[in-house]
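Asker: The structure file model23.tsv (TSV, C-alpha atoms) is provided below.
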chain	number	residue	atom	x	y	z
I	1	MET	CA	-7.13	-5.12	11.21
I	2	ALA	CA	-8.82	-8.43	10.51
I	3	ILE	CA	-8.54	-11.52	12.70
I	4	ASP	CA	-9.44	-14.73	10.93
I	5	ARG	CA	-9.99	-18.31	12.03
I	6	VAL	CA	-10.16	-17.74	15.74
I	7	ARG	CA	-10.89	-21.31	16.71
I	8	ARG	CA	-10.60	-23.52	19.76
I	9	GLU	CA	-7.81	-26.07	19.91
I	10	LYS	CA	-8.81	-29.72	20.13
I	11	GLY	CA	-10.13	-30.75	23.55
I	12	SER	CA	-7.85	-31.80	26.39
I	13	ALA	CA	-8.59	-35.48	25.78
I	14	TRP	CA	-6.96	-35.13	22.36
I	15	ARG	CA	-4.04	-33.02	23.59
I	16	ASP	CA	-3.26	-35.44	26.43
I	17	ASP	CA	-3.08	-38.47	24.12
I	18	PRO	CA	-0.10	-38.04	21.73
I	19	ALA	CA	-1.48	-40.61	19.29
I	20	LYS	CA	-4.83	-38.88	19.08
I	21	SER	CA	-3.30	-35.41	19.02
I	22	ALA	CA	-1.28	-36.30	15.93
I	23	ALA	CA	-4.24	-37.90	14.16
I	24	PRO	CA	-6.05	-35.96	11.39
I	25	VAL	CA	-9.29	-34.60	12.87
I	26	ALA	CA	-12.18	-32.64	11.36
I	27	LEU	CA	-15.27	-31.03	12.83
I	28	VAL	CA	-18.38	-31.63	10.77
I	29	VAL	CA	-21.95	-30.36	10.57
I	30	GLU	CA	-24.98	-31.60	8.62
I	31	THR	CA	-26.58	-29.06	6.33
I	32	ALA	CA	-29.09	-29.49	3.49
I	33	GLY	CA	-28.76	-33.25	3.69
I	34	ARG	CA	-24.96	-33.17	3.38
I	35	ILE	CA	-22.23	-33.50	6.00
I	36	ILE	CA	-19.73	-30.67	5.61
I	37	VAL	CA	-16.32	-30.16	7.17
I	38	THR	CA	-16.21	-26.92	9.19
I	39	ALA	CA	-12.73	-27.05	10.77
I	40	VAL	CA	-9.65	-29.24	10.55
I	41	SER	CA	-6.56	-30.04	12.59
I	42	ASP	CA	-3.05	-29.34	11.28
I	43	ALA	CA	-2.58	-33.00	10.35
I	44	ALA	CA	-5.84	-33.04	8.39
I	45	SER	CA	-4.95	-29.78	6.63
I	46	ALA	CA	-1.55	-31.17	5.65
I	47	ALA	CA	-3.33	-34.17	4.14
I	48	GLY	CA	-5.43	-31.92	1.90
I	49	ILE	CA	-8.62	-31.64	3.97
I	50	ALA	CA	-10.13	-28.15	4.14
I	51	PRO	CA	-13.23	-26.48	5.60
I	52	GLU	CA	-16.34	-26.53	3.37
I	53	MET	CA	-15.40	-29.91	1.86
I	54	ALA	CA	-18.06	-32.57	1.86
I	55	LEU	CA	-17.20	-35.31	4.33
I	56	ALA	CA	-17.52	-37.91	1.57
I	57	ASP	CA	-14.86	-36.07	-0.45
I	58	ALA	CA	-12.66	-35.68	2.62
I	59	ARG	CA	-12.89	-39.40	3.39
I	60	ALA	CA	-11.98	-40.17	-0.22
I	61	VAL	CA	-8.80	-38.16	0.26
I	62	LEU	CA	-8.11	-39.49	3.76
I	63	PRO	CA	-10.02	-42.66	4.71
I	64	GLY	CA	-8.67	-42.60	8.27
I	65	LEU	CA	-9.98	-39.10	9.01
I	66	ARG	CA	-11.45	-38.82	12.52
I	67	THR	CA	-14.51	-36.60	12.89
I	68	MET	CA	-16.33	-34.88	15.73
I	69	PRO	CA	-19.58	-32.89	15.57
I	70	ALA	CA	-19.17	-29.13	15.39
I	71	ASP	CA	-20.92	-26.92	17.94
I	72	PRO	CA	-21.86	-23.67	16.13
I	73	GLU	CA	-23.68	-22.25	19.17
I	74	ALA	CA	-20.66	-22.72	21.41
I	75	ASP	CA	-18.39	-21.24	18.72
I	76	ALA	CA	-20.68	-18.19	18.43
I	77	ALA	CA	-20.66	-17.73	22.21
I	78	LEU	CA	-16.88	-18.02	22.25
I	79	ARG	CA	-16.48	-15.42	19.50
I	80	LYS	CA	-18.81	-13.07	21.36
I	81	HIS	CA	-16.58	-13.42	24.40
I	82	ILE	CA	-13.44	-12.79	22.31
I	83	LEU	CA	-15.09	-9.77	20.72
I	84	SER	CA	-15.59	-8.23	24.16
I	85	TRP	CA	-12.05	-9.16	25.16
I	86	CYS	CA	-10.69	-7.31	22.08
I	87	GLY	CA	-11.77	-4.10	23.81
I	88	ARG	CA	-8.29	-4.13	25.37
I	89	TYR	CA	-6.96	-3.11	21.93
I	90	THR	CA	-9.70	-0.83	20.59
I	91	PRO	CA	-13.31	0.11	21.32
I	92	PHE	CA	-14.09	-0.36	17.61
I	93	ALA	CA	-14.49	-4.13	17.22
I	94	ALA	CA	-17.09	-5.89	15.10
I	95	PRO	CA	-17.86	-9.50	14.08
I	96	GLU	CA	-16.99	-10.65	10.57
I	97	GLY	CA	-18.43	-13.80	9.04
I	98	VAL	CA	-18.58	-16.86	11.26
I	99	ASP	CA	-15.05	-16.88	12.64
I	100	GLY	CA	-13.56	-13.43	12.10
I	101	ILE	CA	-13.33	-10.09	13.89
I	102	TRP	CA	-12.73	-6.58	12.58
I	103	LEU	CA	-10.62	-4.25	14.74
I	104	ASP	CA	-10.21	-0.58	13.85
I	105	VAL	CA	-6.94	0.13	15.67
I	106	THR	CA	-6.34	3.61	14.28
I	107	GLY	CA	-4.36	5.53	16.90
I	108	CYS	CA	-4.07	2.53	19.23
I	109	ALA	CA	-0.87	0.76	18.20
I	110	HIS	CA	1.50	3.10	20.06
I	111	LEU	CA	-0.09	2.03	23.35
I	112	PHE	CA	1.36	-1.45	22.80
I	113	GLY	CA	4.77	-0.45	21.47
I	114	GLY	CA	3.87	-0.35	17.80
I	115	GLU	CA	1.87	-2.33	15.26
I	116	GLN	CA	4.03	-5.47	15.27
I	117	ALA	CA	4.16	-5.57	19.06
I	118	MET	CA	0.38	-5.20	19.21
I	119	LEU	CA	-0.19	-8.04	16.73
I	120	ASP	CA	2.28	-10.26	18.57
I	121	ASP	CA	0.59	-9.50	21.89
I	122	LEU	CA	-2.86	-10.27	20.48
I	123	LEU	CA	-1.91	-13.59	18.88
I	124	THR	CA	0.18	-14.67	21.87
I	125	ARG	CA	-2.67	-14.02	24.29
I	126	LEU	CA	-5.08	-15.92	22.05
I	127	ARG	CA	-2.65	-18.83	21.90
I	128	ASP	CA	-2.29	-18.79	25.69
I	129	MET	CA	-6.08	-19.12	25.92
I	130	GLY	CA	-5.96	-22.23	23.72
I	131	LEU	CA	-7.02	-20.39	20.57
I	132	ARG	CA	-5.42	-20.12	17.16
I	133	GLY	CA	-5.84	-17.26	14.75
I	134	ARG	CA	-4.47	-15.36	11.76
I	135	ALA	CA	-4.26	-11.58	11.70
I	136	SER	CA	-3.44	-8.85	9.21
I	137	LEU	CA	-3.15	-5.11	9.71
I	138	THR	CA	-3.35	-2.71	6.79
I	139	GLY	CA	-5.11	0.40	5.55
I	140	THR	CA	-8.41	-1.09	4.34
I	141	PRO	CA	-10.75	-3.75	5.74
I	142	GLY	CA	-10.88	-5.50	2.36
I	143	ALA	CA	-7.12	-5.86	2.12
I	144	ALA	CA	-6.86	-6.94	5.77
I	145	TRP	CA	-9.47	-9.65	5.14
I	146	ALA	CA	-7.69	-10.85	2.00
I	147	LEU	CA	-4.29	-11.06	3.67
I	148	SER	CA	-5.55	-12.70	6.87
I	149	HIS	CA	-7.37	-15.39	4.87
I	150	TYR	CA	-4.96	-15.97	1.99
I	151	GLY	CA	-1.67	-14.34	3.00
I	152	GLU	CA	0.74	-14.97	5.84
I	153	ALA	CA	-0.51	-15.86	9.31
I	154	CYS	CA	0.57	-12.47	10.66
I	155	SER	CA	1.19	-9.56	8.32
I	156	ILE	CA	1.42	-5.77	8.38
I	157	VAL	CA	1.18	-3.83	5.13
I	158	ALA	CA	1.39	-0.04	4.78
I	159	SER	CA	-1.41	1.64	2.83
I	160	GLU	CA	0.86	2.40	-0.12
I	161	GLY	CA	1.79	-1.29	-0.36
I	162	VAL	CA	-1.73	-2.70	-0.46
I	163	ARG	CA	-1.98	-2.90	-4.24
I	164	ASP	CA	1.18	-4.98	-4.57
I	165	SER	CA	0.54	-7.10	-1.48
I	166	VAL	CA	-2.84	-8.41	-2.67
I	167	SER	CA	-2.09	-8.68	-6.40
I	168	GLY	CA	-0.86	-12.26	-6.15
I	169	LEU	CA	-3.76	-13.51	-4.03
I	170	PRO	CA	-6.61	-15.51	-5.61
I	171	VAL	CA	-9.70	-13.55	-6.66
I	172	ALA	CA	-11.68	-15.28	-3.89
I	173	ALA	CA	-9.68	-13.10	-1.47
I	174	LEU	CA	-11.89	-10.18	-2.53
I	175	ARG	CA	-14.78	-11.73	-0.54
I	176	LEU	CA	-16.59	-12.67	-3.74
I	177	GLY	CA	-19.42	-15.15	-3.93
I	178	ALA	CA	-18.39	-18.66	-4.97
I	179	ALA	CA	-20.14	-18.37	-8.33
I	180	THR	CA	-18.51	-15.03	-9.12
I	181	ALA	CA	-15.04	-16.27	-8.18
I	182	ALA	CA	-15.55	-19.39	-10.30
I	183	GLY	CA	-16.70	-17.26	-13.23
I	184	LEU	CA	-13.55	-15.15	-13.09
I	185	THR	CA	-11.38	-18.25	-12.88
I	186	ARG	CA	-13.03	-19.68	-16.01
I	187	LEU	CA	-12.11	-16.47	-17.80
I	188	GLY	CA	-8.48	-16.94	-16.80
I	189	LEU	CA	-8.63	-14.21	-14.14
I	190	LYS	CA	-7.22	-16.18	-11.23
I	191	ARG	CA	-5.35	-13.50	-9.28
I	192	ILE	CA	-6.43	-10.09	-8.01
I	193	GLY	CA	-3.68	-8.46	-10.03
I	194	ASP	CA	-5.26	-9.84	-13.21
I	195	LEU	CA	-8.17	-7.46	-12.65
I	196	TYR	CA	-6.17	-4.24	-12.36
I	197	ALA	CA	-5.92	-3.37	-16.05
I	198	LEU	CA	-9.39	-4.52	-17.11
I	199	PRO	CA	-12.08	-1.98	-18.11
I	200	ARG	CA	-14.81	-1.95	-15.47
I	201	ALA	CA	-17.91	-1.84	-17.70
I	202	PRO	CA	-17.21	-5.05	-19.66
I	203	LEU	CA	-16.16	-6.81	-16.45
I	204	THR	CA	-19.40	-5.85	-14.73
I	205	ALA	CA	-21.48	-6.92	-17.73
I	206	ARG	CA	-19.62	-10.21	-18.13
I	207	VAL	CA	-19.36	-11.26	-14.49
I	208	SER	CA	-20.80	-9.05	-11.73
I	209	GLY	CA	-20.68	-5.53	-10.32
I	210	GLU	CA	-19.59	-7.19	-7.07
I	211	VAL	CA	-16.09	-7.58	-8.49
I	212	SER	CA	-15.51	-3.86	-9.06
I	213	LEU	CA	-16.94	-2.94	-5.66
I	214	ARG	CA	-14.82	-5.43	-3.72
I	215	LEU	CA	-11.71	-4.49	-5.66
I	216	ASP	CA	-12.25	-0.78	-4.96
I	217	GLN	CA	-12.87	-1.50	-1.28
I	218	ALA	CA	-9.67	-3.52	-0.99
I	219	LEU	CA	-7.62	-0.81	-2.71
I	220	GLY	CA	-9.17	2.01	-0.68
I	221	ARG	CA	-11.07	3.67	-3.52
I	222	VAL	CA	-14.40	3.08	-1.77
I	223	GLU	CA	-14.84	3.59	1.96
I	224	GLU	CA	-15.94	0.59	4.01
I	225	PRO	CA	-16.68	1.78	7.54
I	226	ILE	CA	-16.78	-0.74	10.38
I	227	SER	CA	-19.84	-0.66	12.62
I	228	PRO	CA	-18.50	-1.55	16.06
I	229	ARG	CA	-20.36	-3.88	18.36
I	230	GLN	CA	-22.12	-1.85	21.01
I	231	PRO	CA	-21.35	-2.80	24.62
I	232	PRO	CA	-24.35	-4.12	26.58
I	233	PRO	CA	-26.11	-1.43	28.60
I	234	ARG	CA	-25.38	-1.32	32.31
I	235	TYR	CA	-28.45	-0.74	34.42
I	236	ARG	CA	-28.63	0.72	37.88
I	237	VAL	CA	-31.75	0.95	40.04
I	238	ARG	CA	-32.09	3.25	43.03
I	239	LEU	CA	-34.98	3.41	45.45
I	240	ALA	CA	-35.17	6.20	48.04
I	241	PHE	CA	-37.03	5.45	51.27
I	242	PRO	CA	-38.65	8.19	53.38
I	243	ASP	CA	-37.08	6.84	56.57
I	244	PRO	CA	-33.82	5.06	57.45
I	245	ILE	CA	-33.89	1.29	56.97
I	246	GLY	CA	-32.71	-0.75	59.93
I	247	LEU	CA	-34.31	-4.17	59.41
I	248	THR	CA	-32.98	-6.92	57.15
I	249	ASP	CA	-36.51	-7.83	56.10
I	250	ASP	CA	-37.07	-4.29	54.80
I	251	ILE	CA	-33.87	-4.44	52.75
I	252	GLU	CA	-34.78	-7.81	51.30
Written as structure tokens, that's how I'd like the structure from this file.
Answerer:
Amino acid sequence: MAIDRVRREKGSAWRDDPAKSAAPVALVVETAGRIIVTAVSDAASAAGIAPEMALADARAVLPGLRTMPADPEADAALRKHILSWCGRYTPFAAPEGVDGIWLDVTGCAHLFGGEQAMLDDLLTRLRDMGLRGRASLTGTPGAAWALSHYGEACSIVASEGVRDSVSGLPVAALRLGAATAAGLTRLGLKRIGDLYALPRAPLTARVSGEVSLRLDQALGRVEEPISPRQPPPRYRVRLAFPDPIGLTDDIE
């Protein structure tokens, strides 16, 4: 299972003011001399603003866009906390990208009443904590990532249905680099399904071997094991005294 876009809701000051809460808002960060959008509110998204856009481009689309500085360190600390919390569903949890989490829930779903009940429980609890996320559960990490990023907000796909479920998604859903995805699009290969019938050797020579690897991972032809985050070690220290201790100063 892949959980994508686990993000904090806007702060209480925005939620408590209906006018501000409804206003398009974006979080921004400066990188390489440019100001980039990292997250957007629902109103901003509906207006066509998306993460990774340059702020100048976003303001051209929506001049009245409100912005606030992003806090990557706080977001990383929050995801670390969520990662530990996901231990309620499986001991095999691992970080993915900057705002995603892998969960290997093999053999765990029945403890929550089934796969759909488990997904509903997870997303409901996140929402109750003031978080929003998208989740997908399927037979391969690659397909789960593709569906959680480009499919429905909550989806479950059986292993035999993976090929059909991802065929209509854009090629970027294969976790390809931006240049590789753009190269495929220029060739008219816009959807994952467009790659199914193509010979691998010419595709690798023309674009990149990354395409074949990611496609095989998504379809389950190549294993992609998840390396779970190891829990922090718990230390215990014991000191044996030769005689009974009866004074507070000795204990201290």
Asker: Write out as a list in words the residues lying within 10 Å of segment 82-91 of chain I, counting all atoms listed in the file and excluding same-chain residues fewer than 3 positions away.
Answerer: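 Here the answer would be Val6, Ala76, Ala77, Leu78, Arg79, Ala94, Pro95, Gly100, Ile101, Trp102, Leu103, Asp104, Val105, Thr106, Gly107, Cys108, Ala109, Leu111, Phe112, Met118, Leu119, Asp121, Leu122, Leu126, Pro228, Arg229, Gln230, Pro231 and Pro232 of chain I.
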Asker: Nearest to Pro69 of chain I: which of I:Val37, I:Leu176, I:Ala22, I:Ala117 is it, counting all atoms listed in the file?
Answerer: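 Of I:Val37, I:Leu176, I:Ala22, I:Ala117, the one nearest Pro69 of chain I is I:Val37, counting all atoms listed in the file.
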Asker: Return the single residue from I:Gly113, I:Asp99, I:Gly142, I:Ser45 that is closest to Val222 of chain I, with distances computed using only C-alpha atoms.
Answerer: I:Gly142
Asker: Would you work out the distance separating atom CA of Ala39 of chain I from atom CA of Arg59 of chain I, expressed in Å to one decimal?
Answerer: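 Between atom CA of Ala39 of chain I and atom CA of Arg59 of chain I the gap is 14.4 Å.
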Asker: Quick one: distance from atom CA of Ala54 of chain I to atom CA of Ala182 of chain I in Å, one decimal?
Answerer: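 Rounded to one decimal, the two atoms are 18.1 Å apart.
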Asker: So the first atom is atom CA of Gly133 of chain I and the second is atom CA of Leu189 of chain I; what is the distance between them in Å, to one decimal place?
Answerer: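 Here the two named atoms are 29.2 Å from each other.
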Asker: For each of I:Leu219, I:Met129, I:Ala201, I:Ala74, take the minimum atom-to-atom distance to Gly161 of chain I, counting only C-alpha atoms, then give the residue where this is smallest.
Answerer: I:Leu219
Asker: Could you give me, as CSV, every segment 32-125 of chain I residue with an atom at most 6 Å from segment 23-26 of chain I, plus its closest atom pair and distance in Å to one decimal, counting all atoms listed in the file, rows ordered by chain then number?
Answerer:
residue,atom,partner,partner_atom,distance
I:Ala39,CA,I:Ala26,CA,5.6
I:Val40,CA,I:Ala26,CA,4.3
I:Ser41,CA,I:Val25,CA,5.3
I:Ala43,CA,I:Pro24,CA,4.7
I:Ala44,CA,I:Pro24,CA,4.2
I:Leu65,CA,I:Pro24,CA,5.6
I:Arg66,CA,I:Val25,CA,4.8
I:Thr67,CA,I:Ala26,CA,4.8
Asker: With C-alpha atoms retained, export the selected residues as a compact mmCIF listing (two decimals), in the frame of the given file.
Answerer:
# COMPACT_ATOMS: atom_id res chain seq x y z
CA ALA I 39 -12.73 -27.05 10.77
CA VAL I 40 -9.65 -29.24 10.55
CA SER I 41 -6.56 -30.04 12.59
CA ALA I 43 -2.58 -33.00 10.35
CA ALA I 44 -5.84 -33.04 8.39
CA LEU I 65 -9.98 -39.10 9.01
CA ARG I 66 -11.45 -38.82 12.52
CA THR I 67 -14.51 -36.60 12.89
Asker: So, counting all atoms listed in the file, which residue among I:Ala135, I:Ala179, I:Ala197, I:Ala46 is closest to Leu62 of chain I?
Answerer: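 The shortest atom-to-atom distance to Leu62 of chain I comes from I:Ala46.
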Asker: Point out the residue among I:Leu174, I:Ala60, I:Glu30, I:Arg234 with the least atom-to-atom distance to Leu213 of chain I, counting only C-alpha atoms.
Answerer: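 Checking each candidate against Leu213 of chain I, we get I:Leu174 as the closest.
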Asker: Around the point (-21.4, -32.1, 8.0) in the file's coordinates, collect all residues with an atom within 9 Å, using only C-alpha atoms, and return them as a list in words.
Answerer: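 The requested residues, written out, are Leu27, Val28, Val29, Glu30, Thr31, Gly33, Arg34, Ile35, Ile36, Val37, Thr38, Glu52, Met53, Ala54, Leu55, Pro69 and Ala70 of chain I.
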Asker: Restore N, CA, C and O atoms in segment 65-85 of chain I and list the result as a CSV table (one decimal), in the coordinates of the input.
Answerer:
chain,number,residue,atom,x,y,z
I,65,LEU,N,-9.7,-40.4,8.4
I,65,LEU,CA,-10.0,-39.1,9.0
I,65,LEU,C,-10.9,-39.3,10.2
I,65,LEU,O,-12.0,-39.9,10.1
I,66,ARG,N,-10.6,-38.8,11.3
I,66,ARG,CA,-11.4,-38.8,12.5
I,66,ARG,C,-12.4,-37.6,12.5
I,66,ARG,O,-11.9,-36.5,12.1
I,67,THR,N,-13.6,-37.7,12.9
I,67,THR,CA,-14.5,-36.6,12.9
I,67,THR,C,-15.2,-36.4,14.2
I,67,THR,O,-15.3,-37.4,15.0
I,68,MET,N,-15.6,-35.2,14.5
I,68,MET,CA,-16.3,-34.9,15.7
I,68,MET,C,-17.4,-33.9,15.3
I,68,MET,O,-17.1,-33.0,14.4
I,69,PRO,N,-18.5,-33.9,15.9
I,69,PRO,CA,-19.6,-32.9,15.6
I,69,PRO,C,-19.2,-31.5,16.0
I,69,PRO,O,-18.7,-31.2,17.1
I,70,ALA,N,-19.4,-30.5,15.1
I,70,ALA,CA,-19.2,-29.1,15.4
I,70,ALA,C,-20.3,-28.6,16.3
I,70,ALA,O,-21.3,-29.2,16.4
I,71,ASP,N,-20.0,-27.5,17.0
I,71,ASP,CA,-20.9,-26.9,17.9
I,71,ASP,C,-21.0,-25.4,17.6
I,71,ASP,O,-20.4,-24.6,18.3
I,72,PRO,N,-21.8,-25.1,16.6
I,72,PRO,CA,-21.9,-23.7,16.1
I,72,PRO,C,-22.3,-22.7,17.2
I,72,PRO,O,-21.8,-21.6,17.3
I,73,GLU,N,-23.2,-23.1,18.1
I,73,GLU,CA,-23.7,-22.2,19.2
I,73,GLU,C,-22.6,-21.9,20.1
I,73,GLU,O,-22.4,-20.8,20.6
I,74,ALA,N,-21.8,-22.9,20.5
I,74,ALA,CA,-20.7,-22.7,21.4
I,74,ALA,C,-19.6,-21.8,20.7
I,74,ALA,O,-19.0,-21.0,21.4
I,75,ASP,N,-19.4,-22.1,19.4
I,75,ASP,CA,-18.4,-21.2,18.7
I,75,ASP,C,-18.8,-19.8,18.7
I,75,ASP,O,-18.0,-18.9,18.8
I,76,ALA,N,-20.2,-19.6,18.5
I,76,ALA,CA,-20.7,-18.2,18.4
I,76,ALA,C,-20.5,-17.5,19.8
I,76,ALA,O,-20.2,-16.3,19.9
I,77,ALA,N,-20.8,-18.3,20.9
I,77,ALA,CA,-20.7,-17.7,22.2
I,77,ALA,C,-19.2,-17.4,22.5
I,77,ALA,O,-18.9,-16.4,23.1
I,78,LEU,N,-18.3,-18.3,22.0
I,78,LEU,CA,-16.9,-18.0,22.2
I,78,LEU,C,-16.4,-16.8,21.5
I,78,LEU,O,-15.7,-15.9,22.1
I,79,ARG,N,-16.9,-16.6,20.3
I,79,ARG,CA,-16.5,-15.4,19.5
I,79,ARG,C,-17.0,-14.2,20.1
I,79,ARG,O,-16.4,-13.1,20.2
I,80,LYS,N,-18.2,-14.2,20.7
I,80,LYS,CA,-18.8,-13.1,21.4
I,80,LYS,C,-18.0,-12.7,22.5
I,80,LYS,O,-17.7,-11.5,22.8
I,81,HIS,N,-17.5,-13.7,23.3
I,81,HIS,CA,-16.6,-13.4,24.4
I,81,HIS,C,-15.3,-12.8,23.9
I,81,HIS,O,-14.8,-11.8,24.5
I,82,ILE,N,-14.7,-13.3,22.8
I,82,ILE,CA,-13.4,-12.8,22.3
I,82,ILE,C,-13.6,-11.4,21.8
I,82,ILE,O,-12.8,-10.5,22.0
I,83,LEU,N,-14.8,-11.1,21.2
I,83,LEU,CA,-15.1,-9.8,20.7
I,83,LEU,C,-15.1,-8.8,21.9
I,83,LEU,O,-14.5,-7.7,21.7
I,84,SER,N,-15.6,-9.1,23.0
I,84,SER,CA,-15.6,-8.2,24.2
I,84,SER,C,-14.2,-8.1,24.7
I,84,SER,O,-13.7,-7.0,25.0
I,85,TRP,N,-13.4,-9.2,24.7
I,85,TRP,CA,-12.0,-9.2,25.2
I,85,TRP,C,-11.2,-8.2,24.3
I,85,TRP,O,-10.2,-7.6,24.8
